[in-house]
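Here the structure comes first, spelled out in structure tokens, and everything after it is commentary.
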Amino acid sequence: MTKQSVVVPEPPMIAPAAVPSGAVQLFPPPRSGGGGGASVGKKKYMGHLEVGSGGGRVNAWLDSMRASSPTHARAAVALAPSPDAADEVDAWTRKHPSALEMFDEIVRAWKGKQIVMFMDYDGTLSPIVDEPDKAYMSEAMRAAVKGVASYFPTAIVSGRCRDKVYNFVQLAELYYAGSHGMDIKGPTNAWKQHKAINKTKAKAKSVLFQPASEFLPMIDEVYKALIEKTKAIEGSKVENNKFCVSVHFRRVEEKKWSALAEQVRSVMKDFPKLRLTQGRKVLEVRPTIKWDKGKALEFLLESLGFANCNDILPVYIGDDRTDEDAFKVLRERGQGLGILVSEYPKETNASYSLREPKEARTVMQFLQRLVEWKSNSNSLNARARVFPSSPHAKDDR
């Protein structure tokens with residue numbers, strides 16, 4: 001496997017503060033004002049960048065790009081030791097405690113629930129790297145995801161093209177939602193096994209859903225135009241993700257961001273049916289339809305037959321701003337668990353956190369513990385069937 005260049009995370013996250021075991025809340029109520037959570041050393045940035053004419057709009061883009069992509073120097077200053085900064089970080093970690101540290105309390109609250117797993121790819125199952133085409137997941141992570149999928153319906157929800165994500169993950173038993181959920185495909189009969197094991201009402205059927213198909217010719221045209229417009233900007237990379245186009249600027253010198261933003265704007269102004277959003281050092285061109293990772297999560301739950309079930313627990317793990325759409329859906333449903341993967345405190349609708357992966361170790365540890373917990377639960381249930389008087393006779397799902 002080609003050696004990948006792992007990007008060093010930007011601002012360090014202070015270790016989570018201890019949280020009392022009784023403080024676990026899986027289904028917190030919706031928050032007023034959107035994200036909630038400390039904005040330690042980091043300005044809130046725009047998720048949907050308006051396309052217009054003139055330098056003012058480009059300057060707004062630049063402000064957003066800088067706010068979402070703090071340099072090491074700015075991060076060091078922002079998180080310099082001070083009573084106020086420490087208090088903010090402490091408040092954030094109390095509000096979003098480590099899902100690993102709280103694991104025992106979390107799974108006790110899961111008893112009797114049918115878990116459905118959703119995970120982002122880049123920055124969650126694989127480390128963020130300089131070259132998007134080299135964002136490989138480790139074999140250990142692949143084994144952990146496979147273990148989770150053997151017990152629970154599991155989906156990968158990514159901004160990447162669905163085929164690219166599948167080529168990285170290489171697990172046929174999963175659901176894959178590429179292009180921020182605009183390209184969804186599932187296995188033909190994988191959940192027949194889950195139906196038998198978990199006694200759920202899940203539908204064992206193949207899923208293929210592409211709500212933005214009419215935009216494909218337009219996306220292809222924009223992709224070609226952006227390739228041409230940005231080719232002179234060293235370090236930029238334009239990626240065709242089928243139903244969206246990603247313009248990566250992780251390797252572009254900051255002094256050239258303005259030129260890159262201007263070139264992107266010059267292309268976008270001719271396509272009013274497309275919008276520009278932003279992720280981690282990436283500008284993304286997407287159709288204007290009301291569809292995102294949150295909508296994809298709801299669609300998959302419905303496809304599995306869980307839309308109106310009260311005994312399910314969707315778990316979504318992700319690191320990017322686009323994952324906030326899924327976290328928000330879970331929070332508004334009052335049903336589910338959002339886990340933010342991040343190296344530093346930031347605004348989020350997630351309930352829990354995991355440290356950003358250096359080779360994705362924290363996420364992998366969480367998945368491995370989940371598999372171990374489920375395996376042990378199944379063993380206890382099997383023993384309870386042999387010895388009905390066992391206190392563990394109730395199905396842990």
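Residues in the structure tokens are named by chain (A, B, ... in the order shown) and by number from 1 within that chain; ligands are numbered from 1 in the order shown.
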
Can I get the residues of stretch 97-147 of chain A within 12 Å of stretch 276-282 of chain A, each with the closest pair of atoms and their distance in Å to one decimal, using only C-alpha atoms, sorted chain first then ascending number, as CSV?
```
residue,atom,partner,partner_atom,distance
A:Asp122,CA,A:Arg280,CA,10.2
A:Gly123,CA,A:Arg280,CA,9.7
A:Ile128,CA,A:Arg280,CA,9.4
A:Val129,CA,A:Lys281,CA,11.3
A:Asp130,CA,A:Lys281,CA,10.5
A:Pro132,CA,A:Val282,CA,10.7
```

Keeping only all heavy atoms, write the selected residues to a file as a compact mmCIF listing (two decimals), in the first residue's frame.
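What landed in part-v7.txt:
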```
# COMPACT_ATOMS: atom_id res chain seq x y z
N ASP A 122 -13.51 10.26 5.48
CA ASP A 122 -12.29 11.05 5.67
C ASP A 122 -12.28 11.72 7.05
O ASP A 122 -13.23 12.39 7.43
CB ASP A 122 -12.18 12.13 4.59
CG ASP A 122 -11.94 11.54 3.21
OD1 ASP A 122 -10.78 11.25 2.88
OD2 ASP A 122 -12.93 11.36 2.47
N GLY A 123 -11.19 11.53 7.78
CA GLY A 123 -11.07 12.15 9.09
C GLY A 123 -11.78 11.38 10.19
O GLY A 123 -11.70 11.74 11.36
N ILE A 128 -6.90 12.47 7.83
CA ILE A 128 -6.84 13.50 6.79
C ILE A 128 -5.43 13.51 6.21
O ILE A 128 -4.45 13.56 6.95
CB ILE A 128 -7.19 14.89 7.36
CG1 ILE A 128 -8.64 14.91 7.87
CG2 ILE A 128 -6.97 15.97 6.31
CD1 ILE A 128 -9.69 14.79 6.78
N VAL A 129 -5.32 13.46 4.88
CA VAL A 129 -4.01 13.41 4.22
C VAL A 129 -3.92 14.51 3.17
O VAL A 129 -4.92 15.09 2.75
CB VAL A 129 -3.76 12.03 3.57
CG1 VAL A 129 -3.72 10.94 4.62
CG2 VAL A 129 -4.84 11.71 2.54
N ASP A 130 -2.68 14.81 2.76
CA ASP A 130 -2.46 15.83 1.75
C ASP A 130 -3.09 15.46 0.41
O ASP A 130 -3.68 16.30 -0.26
CB ASP A 130 -0.95 16.06 1.54
CG ASP A 130 -0.34 16.93 2.63
OD1 ASP A 130 -1.09 17.72 3.24
OD2 ASP A 130 0.87 16.81 2.88
N PRO A 132 -5.93 13.55 -1.46
CA PRO A 132 -7.22 12.88 -1.24
C PRO A 132 -7.28 11.46 -1.78
O PRO A 132 -7.98 10.61 -1.21
CB PRO A 132 -8.21 13.80 -1.97
CG PRO A 132 -7.55 15.13 -2.02
CD PRO A 132 -6.08 14.85 -2.15
```

Between A:Ser377, A:Ser126, A:Ser258, A:Gln210, which residue has the minimum interatomic distance to A:Val169, considering only C-alpha atoms?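 Closest residue, counting only C-alpha atoms: A:Ser126.
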
Shell around A:Ile219 at 10 Å using only C-alpha atoms, local window under 4 positions removed, as a PDB file with N, CA, C and O atoms, in the first residue's frame:
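Just written: selection_19.pdb:
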```pdb
ATOM      1  N   GLU A 214     -30.487  14.688 -12.392  1.00  0.00           N
ATOM      2  CA  GLU A 214     -30.611  15.675 -13.465  1.00  0.00           C
ATOM      3  C   GLU A 214     -29.443  16.658 -13.505  1.00  0.00           C
ATOM      4  O   GLU A 214     -29.221  17.332 -14.510  1.00  0.00           O
ATOM      5  N   PHE A 215     -28.676  16.742 -12.417  1.00  0.00           N
ATOM      6  CA  PHE A 215     -27.566  17.693 -12.349  1.00  0.00           C
ATOM      7  C   PHE A 215     -26.252  17.120 -12.884  1.00  0.00           C
ATOM      8  O   PHE A 215     -25.257  17.839 -12.961  1.00  0.00           O
ATOM      9  N   TYR A 223     -16.957  20.757 -13.376  1.00  0.00           N
ATOM     10  CA  TYR A 223     -15.695  20.078 -13.077  1.00  0.00           C
ATOM     11  C   TYR A 223     -14.635  20.429 -14.121  1.00  0.00           C
ATOM     12  O   TYR A 223     -13.502  20.802 -13.774  1.00  0.00           O
ATOM     13  N   LYS A 224     -14.982  20.327 -15.384  1.00  0.00           N
ATOM     14  CA  LYS A 224     -14.029  20.635 -16.452  1.00  0.00           C
ATOM     15  C   LYS A 224     -13.615  22.100 -16.418  1.00  0.00           C
ATOM     16  O   LYS A 224     -12.434  22.428 -16.627  1.00  0.00           O
ATOM     17  N   ALA A 225     -14.565  22.991 -16.138  1.00  0.00           N
ATOM     18  CA  ALA A 225     -14.249  24.422 -16.081  1.00  0.00           C
ATOM     19  C   ALA A 225     -13.319  24.728 -14.912  1.00  0.00           C
ATOM     20  O   ALA A 225     -12.379  25.533 -15.038  1.00  0.00           O
ATOM     21  N   ASN A 240     -13.800  15.233  -8.913  1.00  0.00           N
ATOM     22  CA  ASN A 240     -15.165  14.971  -9.352  1.00  0.00           C
ATOM     23  C   ASN A 240     -15.762  13.873  -8.481  1.00  0.00           C
ATOM     24  O   ASN A 240     -15.329  12.721  -8.530  1.00  0.00           O
ATOM     25  N   ASN A 241     -16.750  14.245  -7.663  1.00  0.00           N
ATOM     26  CA  ASN A 241     -17.398  13.287  -6.786  1.00  0.00           C
ATOM     27  C   ASN A 241     -18.812  12.951  -7.264  1.00  0.00           C
ATOM     28  O   ASN A 241     -19.722  12.746  -6.466  1.00  0.00           O
ATOM     29  N   LYS A 242     -18.969  12.951  -8.562  1.00  0.00           N
ATOM     30  CA  LYS A 242     -20.172  12.548  -9.291  1.00  0.00           C
ATOM     31  C   LYS A 242     -21.299  13.562  -9.156  1.00  0.00           C
ATOM     32  O   LYS A 242     -21.690  14.186 -10.135  1.00  0.00           O
ATOM     33  N   PHE A 243     -21.863  13.728  -7.968  1.00  0.00           N
ATOM     34  CA  PHE A 243     -22.948  14.680  -7.794  1.00  0.00           C
ATOM     35  C   PHE A 243     -22.490  15.975  -7.123  1.00  0.00           C
ATOM     36  O   PHE A 243     -23.306  16.830  -6.786  1.00  0.00           O
ATOM     37  N   CYS A 244     -21.205  16.105  -6.904  1.00  0.00           N
ATOM     38  CA  CYS A 244     -20.636  17.354  -6.400  1.00  0.00           C
ATOM     39  C   CYS A 244     -19.174  17.423  -6.846  1.00  0.00           C
ATOM     40  O   CYS A 244     -18.587  16.412  -7.235  1.00  0.00           O
ATOM     41  N   VAL A 245     -18.618  18.613  -6.817  1.00  0.00           N
ATOM     42  CA  VAL A 245     -17.221  18.828  -7.197  1.00  0.00           C
ATOM     43  C   VAL A 245     -16.492  19.435  -6.005  1.00  0.00           C
ATOM     44  O   VAL A 245     -16.977  20.404  -5.406  1.00  0.00           O
ATOM     45  N   PHE A 271     -23.643  29.319 -13.008  1.00  0.00           N
ATOM     46  CA  PHE A 271     -24.441  28.135 -12.679  1.00  0.00           C
ATOM     47  C   PHE A 271     -25.315  28.418 -11.448  1.00  0.00           C
ATOM     48  O   PHE A 271     -25.011  27.973 -10.336  1.00  0.00           O
ATOM     49  N   LEU A 274     -26.461  25.717  -8.871  1.00  0.00           N
ATOM     50  CA  LEU A 274     -25.485  25.068  -7.997  1.00  0.00           C
ATOM     51  C   LEU A 274     -25.130  26.001  -6.853  1.00  0.00           C
ATOM     52  O   LEU A 274     -25.220  27.222  -6.988  1.00  0.00           O
ATOM     53  N   VAL A 285     -18.883  22.242  -4.626  1.00  0.00           N
ATOM     54  CA  VAL A 285     -19.966  22.671  -5.505  1.00  0.00           C
ATOM     55  C   VAL A 285     -21.030  21.583  -5.488  1.00  0.00           C
ATOM     56  O   VAL A 285     -20.745  20.421  -5.804  1.00  0.00           O
ATOM     57  N   ARG A 286     -22.246  21.977  -5.117  1.00  0.00           N
ATOM     58  CA  ARG A 286     -23.321  21.001  -4.968  1.00  0.00           C
ATOM     59  C   ARG A 286     -24.605  21.522  -5.589  1.00  0.00           C
ATOM     60  O   ARG A 286     -24.806  22.736  -5.697  1.00  0.00           O
ATOM     61  N   PRO A 287     -25.522  20.630  -5.991  1.00  0.00           N
ATOM     62  CA  PRO A 287     -26.829  21.066  -6.482  1.00  0.00           C
ATOM     63  C   PRO A 287     -27.603  21.803  -5.391  1.00  0.00           C
ATOM     64  O   PRO A 287     -27.361  21.606  -4.192  1.00  0.00           O
TER      65      PRO A 287
END
```

Would you return as a PyMOL selection string the members of stretch 268-395 of chain A that DSSP assigns to alpha helix (DSSP H) on this structure's backbone? chain A and resi 268+293-303+324-333+361-386

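Counting only C-alpha atoms, the residue from A:Ser98, A:Val89, A:Tyr344, A:Leu367 that sits nearest to A:Met141 is A:Leu367.
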
When distances are computed from only C-alpha atoms, which of A:His248, A:Arg361, A:His180, A:Lys185 shows the smallest separation from A:Leu226? A:His248
